[in-house]
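S.K.: Can you read through this structure? Questions will come right after.
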Amino acid sequence: MNISRRQILILLPAAAVAWKSVLAGTPEASPNYKMTDHWWSMLIDIPKCIGCGNCVRACQTENDVPDGFFRTWVERYHVTDYHMENPEVISPDGGKEGFPVAVADEGKYFFVPKMCNHCTDSPCTQVCPVGATFTGPDGVVLIDPKYCLGCAYCVQACPYGCRYIHPEKKVADKCTLCYHRITKGLTTACCEACPTGARQLIDLKNPKDPIHEFLKTHDVQVLKPQMATGAKAFYNGLDGSVR
Amino acid sequence: MTGVEGYMYPNEITLYWSVLIVLYPFITGLVAGAFILASLERVFNVAAVKPTYRLALLTALSFLLVAPLPLVLHLGHPFRSPEMYFTPHATSAMAMFGYVYMWYLMAVLVFEIWLDYRREIVFLSQSTQGLLGIVYKIMTLGSTNISERALHIDERVGWVVTLVGIPSAFMLHGYVGFIFGSIKANPWWSSPLMPVVFIFSAMVSGIAGVMLLYMGLTKLRKQTIDMRCVDSIAMYLFYIFIIDFSLEMLDLVHRIYEADESFRSLDFMVHTKLYFSQIVIQICLGTILPLVLLFLTQVVKLPEIARKRIYAISGCLALIGIFAMRWNVVIGGQLFSKSFLGYTTYKMALVTKEGLFMAIALTLLPLLFLWVLIKLLPPWPETSEHAPAIGD
Amino acid sequence: MSVFKDAGHLFRFAGLFVLAFILFLVIRHFVVPKSFGQYGHYRAASIGEIAAHQVKYAGHETCETCHAEVFDVKKDGKHAHVNCEACHGALAKHADDPGAMTPTKPDTAVICARCHTASAAKPKGFPQVVPADHSTGLPCETCHQPHNPGMDAAAPKAPVKAAGGAK
């Protein structure tokens with residue numbers, strides 16, 4: 001089944017919040033938001049991704065991500081029968097400007113959007129020496145830029161390459177799951193900009209979230225399950241060759 | 001992208017742990033190794049190495065004073081580093097650094113040196129004038145009690161401190177190995193052997209370092225080198241080197257035989273980007289060659305001058321080899337993609353905060369500290385020319 | 001007690017430790033942020049600070065409150081699920097004060113090609129064309145109404161006012 005826009009509307013009653021208060025930017029402007037009522041994550045539907053790069057651009061715009069670094073990026077895999085273990089992967093500038101045209105051959109192609117998995121047992125927060133990165137009560141892994149030392153231990157600990165040191169701020173940086181948006185009833189910038197619905201913000205604590213039905217009826221996988229990080233970015237139709 | 005082969009996750013192209021982080025385990029390793037050598041005399045009663053006891057302690061202290069500098073300098077926000085003391089994160093291996101460091105610095109090294117030098121400090125505080133005299137007076141902590149009984153208590157307490165110091169030295173450096181060994185995301189690092197390998201390589205580098213310093217300084221002071229001492233240090237160096245090499249080879253053989261999902265990628269890296277620093281420098285030049293040389297001194301009766309030269313050469317080679325080992329761990333662990341599909345390149349900067357010149361400066365800084373410490377607390381018997389003779 | 005007397009210097013050393021430790025605790029008391037540890041081992045206030053960032057994508061619900069007519073065109077077509085800002089870009093500033101910032105109309109020759117240029121890498125069912133062959137360089141909107149691109153839905157160059165279109 002597909003998650004329609006209508007359902008998203010039902011799902012996020014807070015979306016009705018007046019625009020002015022959304023823009024006001026203060027957390028007090030979203031008084032209906034209660035952290036413990038949510039457990040956020042993301043569904044990525046690989047068969048729907050067309051590699052347009054909209055999500056990467058939207059993320060960079062929304063979050064002022066510096067050039068050359070990525071809170072989300074898109075990879076294009078090219079897998080041939082005899083090289084399942086050694087796929088050919090590209091991600092030119094994180095897929096920000098899309099991908100070169102691929103010519104059909106004996107291999108198969110597909111796109112894999114990547115982002116922070118907001119792991120439940122995240123190795124990055126485990127290693128932070130000072131408590132500058134943490135999993136919030138609503139399941140979002142965040143970084144406190146005023147407390148981070150910039151030691152980069154978390155960058156080393158992330159198995160997915162989702163973190164980087166911000167070249168100007170000199171602190172660790174990564175996807176916040178658009179925390180400033182989801183707490184105000186909006187969806188993330190990447191989901192908002194995705195033209196095909198390949199990315200869906202999900203709230204596992206919301207019983208009305210269509211994700212529950214989706215997970216029941218689809219073969220869903222997370223990246224690198226052997227890392228046992230409790231990754232919460234769920235991938236539908238994930239090929240075995242994806243790293 | 002320049003320097004990238006195959007596919008890297010886009011955020012992996014930049015390396016964040018630079019040559020300074022190579023220096024950090026190298027320097028702490030020297031500290032731990034030098035201390036273990038000092039404890040040989042104190043706890044294990046190896047009388048032959050006595051001439052290096054105090055020198056080893058001062059070496060350990062001077063390197064320990066520099067050890068946190070590369071760490072702090074590489075931080076994006078160096079002035080936030082006290083947060084490690086104020087809010088240490090219980091699950092982070094790195095968070096304990098501050099405490100392990102402080103414990104080792106104050107409760108072990110400074111305390112042991114103070115106890116061992118107290119008699120001299122009291123004498124010096126009485127015989128020295130001016131600013132230096134004040135420094136000595138502060139160092140006495142206002143107590144000039146050097147009665148036989150007091151010195152006997154110092155001796156006993158010092159022995160206990162050394163005893164506690166051995167596991168502390170193991171902890172200091174084994175824990176540095178754990179920082180790397182506990183990163184499950186990085187197969188080049190993730191290994192329970194990592195702390196053990198780090199400890200033994202630390203002992204190799206520390207013992208080689210003190211041996212070289214002893215030989216060099218004795219030559220500078222135009223004194224004769226105590227061959228019995230150097231011979232036994234070299235013997236310990238040889239045996240510990242063998243253990244270290246065996247552990248590293250065990251790790252290597254295990255990786256090759258298991259050949260897990262990361263193996264092909266890491267194997268390729270060792271044969272290309274790390275070939276020179278790992279195979280040529282670390283294993284051949286920095287381990288096998290000094291081992292063969294030291295083996296010769298153990299089985300063949302060589303004249304004194306030949307032994308001295310061999311010790312000097314193998315000591316230098318061992319230091320180079322251990323430095324290369326740190327390099328290969330730290331830099332090597334960041335050269336390959338965690339997708340196992342590509343490789344990046346480390347380009348060392350020259351004059352930046354984390355550049356080559358800073359690394360050289362930080363390597364030389366402990367020697368400067370050591371020079372000051374030797375002036376302040378002469379580690380040799382009363383023959384020194386500059387320092388005032390003890391008991392004046 | 002001579003043992004204590006002869007070990008007096010040791011107590012002085014230990015005293016230094018105690019002093020340093022007390023000093024450390026005092027400094028710690030003042031330096032650690034107040035909200036640290038409220039929810040876990042981190043500064044709880046940082047959550048609010050992160051949540052306070054400026055929104056740049058207004059979200060399609062916001063667009064639809066004013067541009068209901070576009071929503072009506074869009075809702076039955078193939079682009080019903082494509083959100084406004086997927087093509088028009090981030091427009092929170094415009095939503096905040098429509099007069100302050102007027103969005104430029106996207107160039108259909110560029111923006112449509114981004115998704116619909118044929119490539120073996122795209123899912124088979126996704127509509128895709130080789131732009132040079134398909135339109136010989138004409139802008140897509142010559143034939144397709146971007147908000148409802150099906151050919152039966154819109155007459156060529158339909159006079160529907162595009163959402164946010166200034167020109």
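Chain lettering (A, B, ...) mirrors the order of the structure tokens, residue numbering begins at 1 for each chain separately, and ligand numbering begins at 1 in order of display.
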Write out as a ChimeraX atom specification which residues come within 12 Å of range 64-69 of chain A when counting only C-alpha atoms, dropping same-chain ones fewer than 4 positions away.
M.R.: /A:56-60,73,91-96,115,161-170,172-176,178,189 /B:1,9-14 /C:53-56
S.K.: Check every residue of chain A for an atom within 6 Å of chain C, counting only C-alpha atoms, and provide those that qualify as a PDB file with C-alpha atoms, in the first residue's frame.
M.R.:
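Everything below was put into out.pdb:
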ATOM      1  CA  GLY A  25      10.605  29.456  15.521  1.00  0.00           C
ATOM      2  CA  THR A  26      10.361  29.106  19.277  1.00  0.00           C
ATOM      3  CA  PRO A  27       9.649  25.685  20.706  1.00  0.00           C
ATOM      4  CA  ILE A  50      14.269   8.366  -9.223  1.00  0.00           C
ATOM      5  CA  CYS A  52      16.465  13.533  -8.847  1.00  0.00           C
ATOM      6  CA  GLU A  62      16.710  23.902   4.985  1.00  0.00           C
ATOM      7  CA  VAL A 101      22.080   9.141 -17.713  1.00  0.00           C
ATOM      8  CA  ALA A 102      22.607   5.390 -17.370  1.00  0.00           C
ATOM      9  CA  VAL A 103      22.570   3.144 -20.427  1.00  0.00           C
ATOM     10  CA  ALA A 104      20.796  -0.188 -20.071  1.00  0.00           C
ATOM     11  CA  TYR A 109      20.499   0.030 -11.422  1.00  0.00           C
ATOM     12  CA  PHE A 110      18.812   1.557  -8.423  1.00  0.00           C
ATOM     13  CA  GLY A 131      27.325  14.115  26.232  1.00  0.00           C
ATOM     14  CA  ASP A 144      24.376  20.033  20.894  1.00  0.00           C
ATOM     15  CA  TYR A 179      13.747  18.484  14.346  1.00  0.00           C
ATOM     16  CA  HIS A 180      12.706  22.139  14.022  1.00  0.00           C
ATOM     17  CA  ALA A 193      10.658  17.954  -1.524  1.00  0.00           C
ATOM     18  CA  PRO A 195       8.368  14.175  -5.718  1.00  0.00           C
TER      19      PRO A 195
END
S.K.: Would you kindly return, as a list in words, each protein, DNA or RNA residue with an atom no farther than 12 Å from any atom of Ser337 in chain B, considering only C-alpha atoms and excluding same-chain residues fewer than 6 positions away?
M.R.: Gln156, Cys158, Pro159, Tyr160, Gly161 and Arg243 of chain A; Val4, Glu5, Gly6, Tyr7, Met8, Tyr9, Pro10, Asn11, Glu12, Ile13, Thr14, Leu15, Ala185, Asn186, Pro187, Trp188, Ser262, Ser265, Leu266, Met269, Tyr343, Thr344 and Thr345 of chain B
S.K.: Find the residues of chain B in contact range of chain C, meaning any atom within 12 Å when counting only C-alpha atoms, and list them as a PyMOL selection string.
M.R.: chain B and resi 80+82-92+102-103+106-107+110-112+114-115+118-119+122+138-158
S.K.: Write out as a VMD selection string all residues of range 212-365 of chain B that backbone DSSP assigns to helix (DSSP H, G or I).
M.R.: chain B and resid 212 to 220 227 to 258 263 to 271 275 to 299 304 to 330 332 to 335 356 to 365
S.K.: Go ahead and compute the interatomic distance for CA of Arg181 in chain A and CA of Asn54 in chain A, in Å to one decimal.
M.R.: 17.6 Å
S.K.: For CA of Gly206 in chain B and CA of Leu37 in chain B, quote the distance in Å rounded to one decimal.
M.R.: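 Spanning CA of Gly206 in chain B to CA of Leu37 in chain B is a straight-line distance of 7.7 Å.
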